[in-house]
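Enquirer: Take this structure, written in structure tokens, and hold onto it; I'll ask about it next.
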Amino acid sequence: MSQARILIVEDDKMNAQFFDIALTRRGNYATYITESVPEILDRARLGEVDLVVMDVSLANSSYEGKRMDGLGIARLLKTDPRTSHIPILLATAHAMKGDRESFLKQSMADDYASKPITNPQELIDKVKALLARRDGESTK
């Protein structure tokens, strides 16, 4: 099987770099980093994305003239039949009780990771599990 392609949607350069290094060096994935909503949607619709690591709070993202956070972008991906199969891992510093369930419900994302993620293996394990679940569903 070819190398899985991970789209990293993150506005903090240090977090983006951490995700990129962990996913490429430890996970052997191909990565691409962007905050551009049109680019995210285009890449996903063209089949260039196997999984998205999505920051919840995005400072610089907008779409069709409106500010967009990661929850809104995830919803766009999950409600589009062309991209709904792509697993989304939310990554957020919001880690209060109830945030996980609330964010997953609002965004329709597949999983959630609290930042800061200090153990790269935790990220790799979540990505592997989501890709395996996706692959299992696509073979049924």
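By order of appearance in the structure tokens: chains A, B, ..., then residues from 1 within every chain, and ligands from 1 in the order shown.
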May I have a table of the residues of segment 14-61 of chain A lying at most 9 Å from segment 126-137 of chain A, giving each one's closest pair of atoms and their distance in Å to one decimal, counting only C-alpha atoms, ordered by chain and ascending residue number, as a tab-separated table?
Expert:
```
residue	atom	partner	partner_atom	distance
A:Leu23	CA	A:Val127	CA	8.8
A:Gly27	CA	A:Lys128	CA	8.5
A:Asp50	CA	A:Leu131	CA	7.6
A:Leu51	CA	A:Leu131	CA	7.3
A:Val53	CA	A:Val127	CA	8.6
```
Enquirer: Since we have the selection now, will you write its residues out, keeping C-alpha atoms, as a compact mmCIF listing (two decimals), in the first residue's frame?
Expert:
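The resulting file, selection15.txt, is shown below:
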```
# COMPACT_ATOMS: atom_id res chain seq x y z
CA LEU A 23 4.03 11.99 11.24
CA GLY A 27 4.88 7.45 11.21
CA ASP A 50 -6.19 10.09 3.56
CA LEU A 51 -6.62 11.75 6.97
CA VAL A 53 -5.32 16.46 11.68
```
Enquirer: Can you tell me, as number ranges by chain, what residues are no more than 12 Å from Arg75 of chain A when counting only C-alpha atoms, ignoring any on the same chain fewer than 2 positions away?
Expert: A: 37, 41, 54, 56, 68-73, 77-81, 83-84, 86-88, 90, 103-110
Enquirer: Using only C-alpha atoms, can you tell me which of A:Leu7, A:Leu123, A:Phe19, A:Asp55 comes closest to Ile33 of chain A?
Expert: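 Closest candidate: A:Leu7.
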Enquirer: Using only C-alpha atoms, which residues sit within 10 Å of Ala93 of chain A once same-chain residues fewer than 5 positions away are excluded, as a list of chain:residue names?
Expert: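 Near Ala93 of chain A, the qualifying residues are A:Asp55, A:Val56, A:Ser57, A:Ala113, A:Ser114, A:Lys115, A:Pro116, A:Ile117.
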Enquirer: Nearest to Ile124 of chain A among A:Asn28, A:Glu35, A:Asp12, A:Arg100, with distances taken over only C-alpha atoms: which residue is it?
Expert: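 Closest candidate: A:Asn28.
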Enquirer: Could you pull out the residues in chain A that DSSP calls helix (DSSP H, G or I) from the backbone, as a PyMOL selection string?
Expert: chain A and resi 13-26+37-45+70-79+99-107+120-138
Enquirer: Restricted to C-alpha atoms, what would the selected residues look like written as an mmCIF file, in the first residue's frame?
Expert:
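The result, stored in again.cif:
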```
data_model
loop_
_atom_site.group_PDB
_atom_site.id
_atom_site.type_symbol
_atom_site.label_atom_id
_atom_site.label_comp_id
_atom_site.auth_asym_id
_atom_site.auth_seq_id
_atom_site.Cartn_x
_atom_site.Cartn_y
_atom_site.Cartn_z
ATOM 1 C CA LYS A 13 3.795 26.972 13.528
ATOM 2 C CA MET A 14 5.349 25.027 16.434
ATOM 3 C CA ASN A 15 2.392 22.613 16.621
ATOM 4 C CA ALA A 16 2.348 22.224 12.844
ATOM 5 C CA GLN A 17 6.066 21.442 12.872
ATOM 6 C CA PHE A 18 5.623 18.926 15.713
ATOM 7 C CA PHE A 19 2.810 17.149 13.837
ATOM 8 C CA ASP A 20 4.802 17.206 10.614
ATOM 9 C CA ILE A 21 7.978 15.773 12.162
ATOM 10 C CA ALA A 22 6.122 13.135 14.187
ATOM 11 C CA LEU A 23 4.025 11.991 11.236
ATOM 12 C CA THR A 24 6.813 11.940 8.658
ATOM 13 C CA ARG A 25 9.724 10.635 10.714
ATOM 14 C CA ARG A 26 7.986 8.311 13.151
ATOM 15 C CA VAL A 37 -10.107 26.285 3.508
ATOM 16 C CA PRO A 38 -10.441 26.242 -0.314
ATOM 17 C CA GLU A 39 -7.155 24.316 -0.533
ATOM 18 C CA ILE A 40 -8.278 21.858 2.171
ATOM 19 C CA LEU A 41 -11.545 21.209 0.328
ATOM 20 C CA ASP A 42 -9.864 20.953 -3.089
ATOM 21 C CA ARG A 43 -7.206 18.499 -1.911
ATOM 22 C CA ALA A 44 -9.812 16.372 -0.133
ATOM 23 C CA ARG A 45 -12.193 16.365 -3.113
ATOM 24 C CA GLY A 70 -11.670 23.629 12.654
ATOM 25 C CA LEU A 71 -15.129 22.468 13.718
ATOM 26 C CA GLY A 72 -16.706 24.239 10.755
ATOM 27 C CA ILE A 73 -14.117 22.934 8.292
ATOM 28 C CA ALA A 74 -14.573 19.394 9.635
ATOM 29 C CA ARG A 75 -18.347 19.748 9.167
ATOM 30 C CA LEU A 76 -17.827 20.861 5.556
ATOM 31 C CA LEU A 77 -15.706 17.770 4.905
ATOM 32 C CA LYS A 78 -18.030 15.354 6.718
ATOM 33 C CA THR A 79 -21.222 16.616 5.034
ATOM 34 C CA ASP A 99 -15.170 19.360 25.389
ATOM 35 C CA ARG A 100 -14.278 16.098 23.656
ATOM 36 C CA GLU A 101 -17.887 14.969 23.275
ATOM 37 C CA SER A 102 -19.093 18.454 22.375
ATOM 38 C CA PHE A 103 -16.417 19.026 19.735
ATOM 39 C CA LEU A 104 -16.841 15.580 18.180
ATOM 40 C CA LYS A 105 -20.597 16.079 17.953
ATOM 41 C CA GLN A 106 -20.356 19.630 16.551
ATOM 42 C CA SER A 107 -17.701 18.767 13.976
ATOM 43 C CA PRO A 120 4.611 11.647 19.268
ATOM 44 C CA GLN A 121 3.630 7.980 19.588
ATOM 45 C CA GLU A 122 0.227 9.013 20.969
ATOM 46 C CA LEU A 123 -0.409 10.945 17.737
ATOM 47 C CA ILE A 124 0.878 8.095 15.556
ATOM 48 C CA ASP A 125 -1.312 5.558 17.385
ATOM 49 C CA LYS A 126 -4.450 7.682 16.893
ATOM 50 C CA VAL A 127 -3.664 8.186 13.195
ATOM 51 C CA LYS A 128 -2.984 4.470 12.671
ATOM 52 C CA ALA A 129 -6.245 3.528 14.397
ATOM 53 C CA LEU A 130 -8.278 5.955 12.297
ATOM 54 C CA LEU A 131 -6.672 4.784 9.041
ATOM 55 C CA ALA A 132 -7.204 1.135 9.987
ATOM 56 C CA ARG A 133 -10.856 1.820 10.818
ATOM 57 C CA ARG A 134 -11.307 3.641 7.503
ATOM 58 C CA ASP A 135 -9.624 0.816 5.580
ATOM 59 C CA GLY A 136 -11.765 -1.756 7.388
ATOM 60 C CA GLU A 137 -14.938 0.117 6.477
ATOM 61 C CA SER A 138 -13.908 0.530 2.831
#
```
Enquirer: So that I can check the secondary structure, give me every residue of segment 15-54 of chain A assigned strand (DSSP E or B) by backbone DSSP, as a list in words.
Expert: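 Put together, the selection reads Ala30, Thr31, Tyr32, Ile33, Leu51, Val52, Val53 and Met54 of chain A.
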Enquirer: Could you check how far atom CA of Thr118 of chain A sits from atom CA of Val49 of chain A, in Å to one decimal?
Expert: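 Value for the atom CA of Thr118 of chain A-atom CA of Val49 of chain A distance: 24.7 Å.
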Enquirer: Could you jot down the atom CA of Gly65 of chain A to atom CA of Arg82 of chain A separation for me, Å, one decimal place?
Expert: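 Going from atom CA of Gly65 of chain A over to atom CA of Arg82 of chain A, I get 22.9 Å.
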Enquirer: Find, counting only C-alpha atoms, the residue in A:Tyr112, A:Tyr29, A:Leu46, A:Thr34 that gets nearest to Val9 of chain A.
Expert: A:Thr34
